[in-house]
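As structure tokens, the structure follows; a few thoughts come after it.
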Amino acid sequence: MFRSKMVTIIIVSLFLTVGFMAFCGIAPIKVSAATVPSAPQNLVATGGPTDIQLSWSAPSNNGGLNITNYKIYRGLTSGGQTFYLQLGKVLSYKDTNVTVGKTYFYKVSAVNPIGEGALSNEANATVKNTTPSAPRNLKATPGNGNVSLSWNVPTSNGGTPITNYRIYRGTTSNGETFLAEIGNLLTYLDTTVTNNIKYYYKVKAKNAVGEGPFSNEASATPAVNPPVYEPPSAPKNFTAAVIGTSIQLNWSAPASNGNSTITTYQIFRGTNSSNLYSYVYLNVVYTYTDYNLTRGSTYYYKVRARNSIGYGPNASIVSGYIQPTIPNAPRNLMAFAGNAYVDLTWNAPSYDGGGKITNYRIYRGTTSNGQSFLTEVGVIYSYKDSSVTNGQTYYYKVKAKNSAGIGPYSNEASATPSSNPPKYEPPSAPRNLTATTGTDHIKLTWDPPASNGNLTITKYRIYRGNTTSDINIYWEVGNVNYFYDYSNGTGGKTYYYQVSAVNAKGEGPLSNIASTKTSPTTPGAPQNLKALAGNGYVVLSWSKPTSDGGATITNYRIYRGSNPSSQSFLKEVGNVLTYNDTTVTNGKTYYYKVSAKNSVGEGPFSNIVKATPNTPPPPPSKPSAPLYLSAGNGYNNTDYDKVFLNWNPPKSNGGSKITNYRIYRGTTSNGEKFLVELGVVYKYTDTDFSVSGTYYYKVTAKNSVGEGPFSNEVSIYVNLSGGMGPGPGPEPEPEPEPEPEPEPEPEPEPEPEPEPEPELPDEPVLPSEPVNLQVIPGIKHIDLIWEPPADSGGSAITGYNIYRGTSPDDMELLTTVDTSTTSFRDTDVERNTDYYYYVAAVNEDGESEQPETPVSTKPFVPLLDTEDDTDSSDTIEHKGDISTVRTASVISLVAAIAIIIVIIVLYFVVIRNKRPTLFGKSKSESIPPPPPPPPPPQGASSEWEIYNNFEEKKEGEAEVAWEKYN
């Protein structure tokens with residue numbers, strides 16, 4: 001009977017529990033472990049002339065946690081994909097590291113904090129050949145009876161080499177028709193023009209696929225006296241206007257553009273008028289605003305204009321002064337009671353408003369927040385208030401003052417003077433410091449000082465060194481008794497530590513020295529890998545890694561492949577720094593990388609290099625004959641006593657650079673004798689004549705081997721009597737010995753092109769900035785991933801410059817990487833520090849411009865676990881996500897159990913009084929209560945306290961300490 005009542009009570013309690021949970025909105029307990037995500041969906045690959053565009057959809061199931069990354073796998077055969085790269089949380093990628101004509105196969109996976117999910121469907125695409133893009137920067141320069149054209153190569157050759165350029169001309173804008181087709185040259189001299197008529201030109205590039213689009217249009221008007229081209233004059237009316245923390249610059253166009261369109265304005269900036277640096281390049285605009293400047297600073301500027309000839313002079317320097325604002329509040333105000341006095345101390349504000357602080361104003365009251373002005377002092381950080389009464393509590397606040405005004409209140413501090421005040425002093429040394437090695441960190445623990453100096457300990461300072469005699473300030477933490485050092489980058493190395501405690505009175509003595517040796521790791525990457533190609537071999541050489549990981553390097557592993565994105569294992573060698581690869585085929589390009597190996601394992605790869613072994617070139621020979629020798633005179637109706645020779649270089653220089661041209665002259669055909677030797681020029685004016693008559697000419701080219709064969713022969717009549725034409729004049733003198741009838745001349749050579757006019761200097765064409773820059777934070781590092789620029793500027797990208805700063809206005813060059821990679825890991829970072837990055841692409845003309853907004857992030861701060869030293873860097877940052885899932889389930893479970901326990905206890909209290917022999921126990925046999933739980937360990941702190949202590953490093957007294965020791 002009783003047992004059935006017991007069962008009934010339990011059943012009723014369960015119903016009450018469920019009802020209570022429903023009333024409170026607590027779902028029934030459902031525990032479901034997070035898993036990896038499912039496969040990404042709908043992967044599509046689309047091939048273009050220079051890239052393959054990938055796109056996909058998110059997985060149908062993220063595994064219960066947010067997706068953090070996607071991984072791309074790539075191969076040259078179906079099902080043959082290997083890992084290629086990792087992206088952030090994006091759903092598309094443009095693969096530009098491809099070869100025209102090849103087909104690439106792709107798969108994608110998703111990653112969450114648990115791990116990597118399944119691969120997507122396979123997609124493939126082929127990089128297609130196409131026509132070239134348009135030639136760039138076409139320029140037309142007028143001359144006397146000619147127009148000189150020049151241009152830059154297209155940004156893309158369409159996948160096959162450019163073979164020709166086609167010139168189009170017209171007398172109206174956009175009315176051009178075909179004029180001429182030339183080879184793979186970047187200049188053309190149009191001599192079929194009439195002075196004083198304006199001509200319009202466009203150019204197309206041509207490859208094996210076909211003819212590409214038109215270039216820009218350029219025009220010129222030939223004339224007897226063509227205009228002189230020169231750089232523009234200085235911009236006019238250059239002014240600077242201060243607007244808050246910005247300076248607006250304004251100017252007008254130069255008085256002269258140098259007869260060439262202005263294309264660029266360059267602004268220089270500095271905080272010293274004698275040291276201005278290049279700051280920004282602009283298109284044709286006449287205003288620029290420089291934002292987010294530092295208060296209390298003067299900025300100086302100058303500007304200059306550029307046209308196709310070059311840069312002109314700078315405008316006069318202008319400047320602007322950014323007015324300061326009031327300072328921030330003084331920090332860490334402390335009040336110490338004495339006998340009939342109160343000592344105050346404080347720290348300077350975190351920001352002085354851009355104006356030097358001149359005074360501190362002290363406020364006092366006898367109630368909290370009831371202060372009134374007491375006194376003003378100079379730039380000091382302490383004050384003794386002797387106008388107090390023992391036994392009375394006083395409340396204080398302080399303000400800072402600069403030229404802009406008075407800032408806000410500091411924190412409030414209070415003290416009660418007495419005849420027997422406490423003695424304040426720095427704390428004693430922390431006790432029992434120990435250091436233990438974890439998988440990727442060193443853990444320090446210590447006991448609090450025996451004395452806190454009658455003041456709360458506010459923080460601990462960590463000291464570290466490589467020897468016992470060289471231990472220096474390293475880090476600061478809050479009032480905790482442990483520290484995790486994740487930045488011990490060298491494996492197998494011993495580190496020495498000491499700790500001190502700090503209170504409001506200052507820093508106490510150092511603790512005992514503790515040391516530990518980090519576990520060996522794999523070595524770093526081999527440095528400066530180089531490849532030298534020979535006949536049937538490639539010699540590799542490299543330098544040792546910067547770190548051996550704490551264990552001796554035993555081997556190097558050589559990897560080789562036929563494309564830059566895929567190398568496979570080739571050979572393992574001993575602890576040497578060279579390798580001769582003789583298993584190669586001449587004419588084939590090979591890509592190499594090397595890794596180092598020690599007793600722990602294999603380290604990361606070196607840079608990638610390429611080499612193409614070839615049979616040795618044949619020995620040099622003499623050059624071939626110069627081409628298209630021509631002769632003329634009488635250009636100005638006065639020069640019949642001169643001969644103007646022009647020619648083109650030989651088709652072959654014989655494998656050795658041409659050093660000279662030799663002119664031969666005679667008065668009979670094939671009777672020429674040596675006349676003069678010239679440098680590397682393509683024209684000569686002959687004026688050394690004694691009699692009128694017909695003269696014959698030939699030219700030879702000369703290199704280091706010797707003199708080559710004669711060019712074609714040309715002849716011309718020279719009239720020393722000043723006749724009006726190329727003939728002998730109205731009454732020519734009889735020839736002393738009439739020449740025999742000349743033999744028929746051979747079939748005429750193609751009409752030579754006159755020597756081109758000197759080319760105008762090309763305007764530097766900078767590449768565009770790299771695209772899709774991603775900055776991915778880690779615990780001890782920050783990863784950067786980007787894609788090559790959309791526009792290379794017409795010349796090959798030679799590398800990437802990586803810039804970093806702790807503010808967007810203070811960016812400095814961090815490092816340079818070559819084009820074999822589009823990623824970089826920055827390991828020289830500190831936790832709780834914001835880092836700003838941008839990547840600049842570099843070609844032969846310079847680097848791409850800085851973007852307006854650099855990308856920023858900060859390294860993760862792990863939620864430290866005092867019981868578990870083995871959290872890996874891959875999962876620490878996501879710890880909160882997993883605990884959130886578990887916490888919701890645990891709350892529901894605890895709520896249900898608590899209600900059941902309450903009901904059962906009530907049952908025993910109420911029912912057992914009526915049934916004293918329930919379960920064989922009498923009322924008098926009461927069960928003693930369980931002992932209380934043990935108190936938490938001294939100094940123990942939750943994960944969030946540790947996190948907040950790390951965050952506090954940015955503020956408060958820590959900043960003063962860092963300024964002092966750094």
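Residue numbering restarts at 1 in every chain; chains get A, B, ... in the order shown in the structure tokens, and ligands count up from 1 in that same order.
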
Restrict the calculation to only C-alpha atoms, then for each residue of segment 667-693 of chain A with any atom at most 6 Å from an atom of segment 647-662 of chain A give the closest atom pair and their distance in Å to one decimal, rows by chain and rising residue number, as a Markdown table.
```
| residue | atom | partner | partner_atom | distance |
| --- | --- | --- | --- | --- |
| A:Val676 | CA | A:Arg662 | CA | 5.9 |
| A:Glu677 | CA | A:Arg662 | CA | 4.3 |
| A:Leu678 | CA | A:Tyr661 | CA | 5.2 |
| A:Gly679 | CA | A:Asn660 | CA | 4.5 |
| A:Val680 | CA | A:Asn660 | CA | 5.3 |
| A:Tyr682 | CA | A:Trp647 | CA | 5.4 |
```

Would you mind listing what lies within 6 Å of Tyr697 of chain A as a list of chain:residue names, with only C-alpha atoms counted and same-chain residues fewer than 5 positions away left out?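 Selected residues are A:Tyr664, A:Arg665, A:Glu713, A:Val714.
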
Show me, as a list in words, the residues that have an atom within 9 Å of Leu119 of chain A when counting only C-alpha atoms, minus same-chain residues fewer than 6 positions from it.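 These residues fall inside the cut-off: Ser38, Ala39, Pro40, Tyr73, Lys107, Val108, Ser109 and Ala110 of chain A.
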
Kindly save the residues from that selection, with C-alpha atoms included, as a PDB file, in the first residue's frame.
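The result, stored in selection04.pdb:
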```
ATOM      1  CA  SER A  38      27.931  17.939 -44.838  1.00  0.00           C
ATOM      2  CA  ALA A  39      29.334  18.479 -48.335  1.00  0.00           C
ATOM      3  CA  PRO A  40      29.034  21.863 -50.108  1.00  0.00           C
ATOM      4  CA  TYR A  73      40.962  20.445 -53.887  1.00  0.00           C
ATOM      5  CA  LYS A 107      36.083  19.572 -55.294  1.00  0.00           C
ATOM      6  CA  VAL A 108      35.286  21.647 -52.182  1.00  0.00           C
ATOM      7  CA  SER A 109      34.789  20.793 -48.488  1.00  0.00           C
ATOM      8  CA  ALA A 110      33.436  22.815 -45.560  1.00  0.00           C
TER       9      ALA A 110
END
```

List as a list in words the protein and nucleic acid residues near segment 236-247 of chain A, meaning an atom at most 6 Å away when only C-alpha atoms are counted, but skip any in the same chain fewer than 4 places from it.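 Surrounding residues, per the criterion: Trp251, Ser252, Pro254, Thr289, Asp290, Tyr291, Asn292, Leu293, Gly320 and Ile322 of chain A.
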
Might you pull out every residue within 8 Å of segment 806-816 of chain A, with only C-alpha atoms counted and same-chain residues fewer than 4 positions away left off, and present them as a PDB file with N, CA and C atoms, in the first residue's frame?
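For reference, result18.pdb as written:
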```pdb
ATOM      1  N   ASN A 292      41.366  61.545 -40.776  1.00  0.00           N
ATOM      2  CA  ASN A 292      41.812  60.893 -39.533  1.00  0.00           C
ATOM      3  C   ASN A 292      43.252  61.259 -39.173  1.00  0.00           C
ATOM      4  N   GLY A 799      56.335  40.204 -57.655  1.00  0.00           N
ATOM      5  CA  GLY A 799      56.267  39.875 -56.236  1.00  0.00           C
ATOM      6  C   GLY A 799      55.128  40.616 -55.571  1.00  0.00           C
ATOM      7  N   TYR A 800      55.022  40.413 -54.259  1.00  0.00           N
ATOM      8  CA  TYR A 800      53.997  41.076 -53.464  1.00  0.00           C
ATOM      9  C   TYR A 800      54.658  41.675 -52.224  1.00  0.00           C
ATOM     10  N   ASN A 801      54.351  42.947 -51.936  1.00  0.00           N
ATOM     11  CA  ASN A 801      54.799  43.608 -50.721  1.00  0.00           C
ATOM     12  C   ASN A 801      53.665  43.580 -49.707  1.00  0.00           C
ATOM     13  N   ILE A 802      53.950  43.065 -48.507  1.00  0.00           N
ATOM     14  CA  ILE A 802      52.934  42.945 -47.452  1.00  0.00           C
ATOM     15  C   ILE A 802      53.193  44.047 -46.439  1.00  0.00           C
ATOM     16  N   THR A 833      45.977  42.700 -29.773  1.00  0.00           N
ATOM     17  CA  THR A 833      46.459  43.823 -30.574  1.00  0.00           C
ATOM     18  C   THR A 833      45.792  43.772 -31.937  1.00  0.00           C
ATOM     19  N   ASP A 834      45.195  44.886 -32.338  1.00  0.00           N
ATOM     20  CA  ASP A 834      44.599  44.969 -33.676  1.00  0.00           C
ATOM     21  C   ASP A 834      45.710  45.176 -34.703  1.00  0.00           C
ATOM     22  N   TYR A 835      45.701  44.361 -35.752  1.00  0.00           N
ATOM     23  CA  TYR A 835      46.667  44.499 -36.834  1.00  0.00           C
ATOM     24  C   TYR A 835      45.931  44.809 -38.139  1.00  0.00           C
ATOM     25  N   TYR A 836      46.465  45.763 -38.888  1.00  0.00           N
ATOM     26  CA  TYR A 836      45.899  46.156 -40.179  1.00  0.00           C
ATOM     27  C   TYR A 836      46.867  45.714 -41.285  1.00  0.00           C
ATOM     28  N   TYR A 837      46.313  45.158 -42.366  1.00  0.00           N
ATOM     29  CA  TYR A 837      47.143  44.637 -43.442  1.00  0.00           C
ATOM     30  C   TYR A 837      46.641  45.123 -44.799  1.00  0.00           C
ATOM     31  N   THR A 853      40.919  51.297 -47.267  1.00  0.00           N
ATOM     32  CA  THR A 853      40.619  50.651 -45.991  1.00  0.00           C
ATOM     33  C   THR A 853      41.401  49.355 -45.884  1.00  0.00           C
ATOM     34  N   PRO A 854      42.515  49.313 -45.122  1.00  0.00           N
ATOM     35  CA  PRO A 854      43.202  48.044 -44.908  1.00  0.00           C
ATOM     36  C   PRO A 854      42.301  47.055 -44.156  1.00  0.00           C
TER      37      PRO A 854
END
```

How many Å lie between atom CA of Thr287 of chain A and atom CA of Asn216 of chain A, rounded to one decimal? 26.7 Å

Applying 9 Å and only C-alpha atoms, which residues near Asn452 of chain A remain after dropping the ones on its own chain fewer than 4 positions away? List them as a PyMOL selection string. chain A and resi 425-428+448+456-457+501-503

As a PyMOL selection string, please: the residues near segment 174-187 of chain A (cut-off 12 Å, only C-alpha atoms, same-chain neighbours under 5 positions excluded). chain A and resi 135-141+147-154+157+161-169+192-193+199-207+211+214-219+753+755-760+762
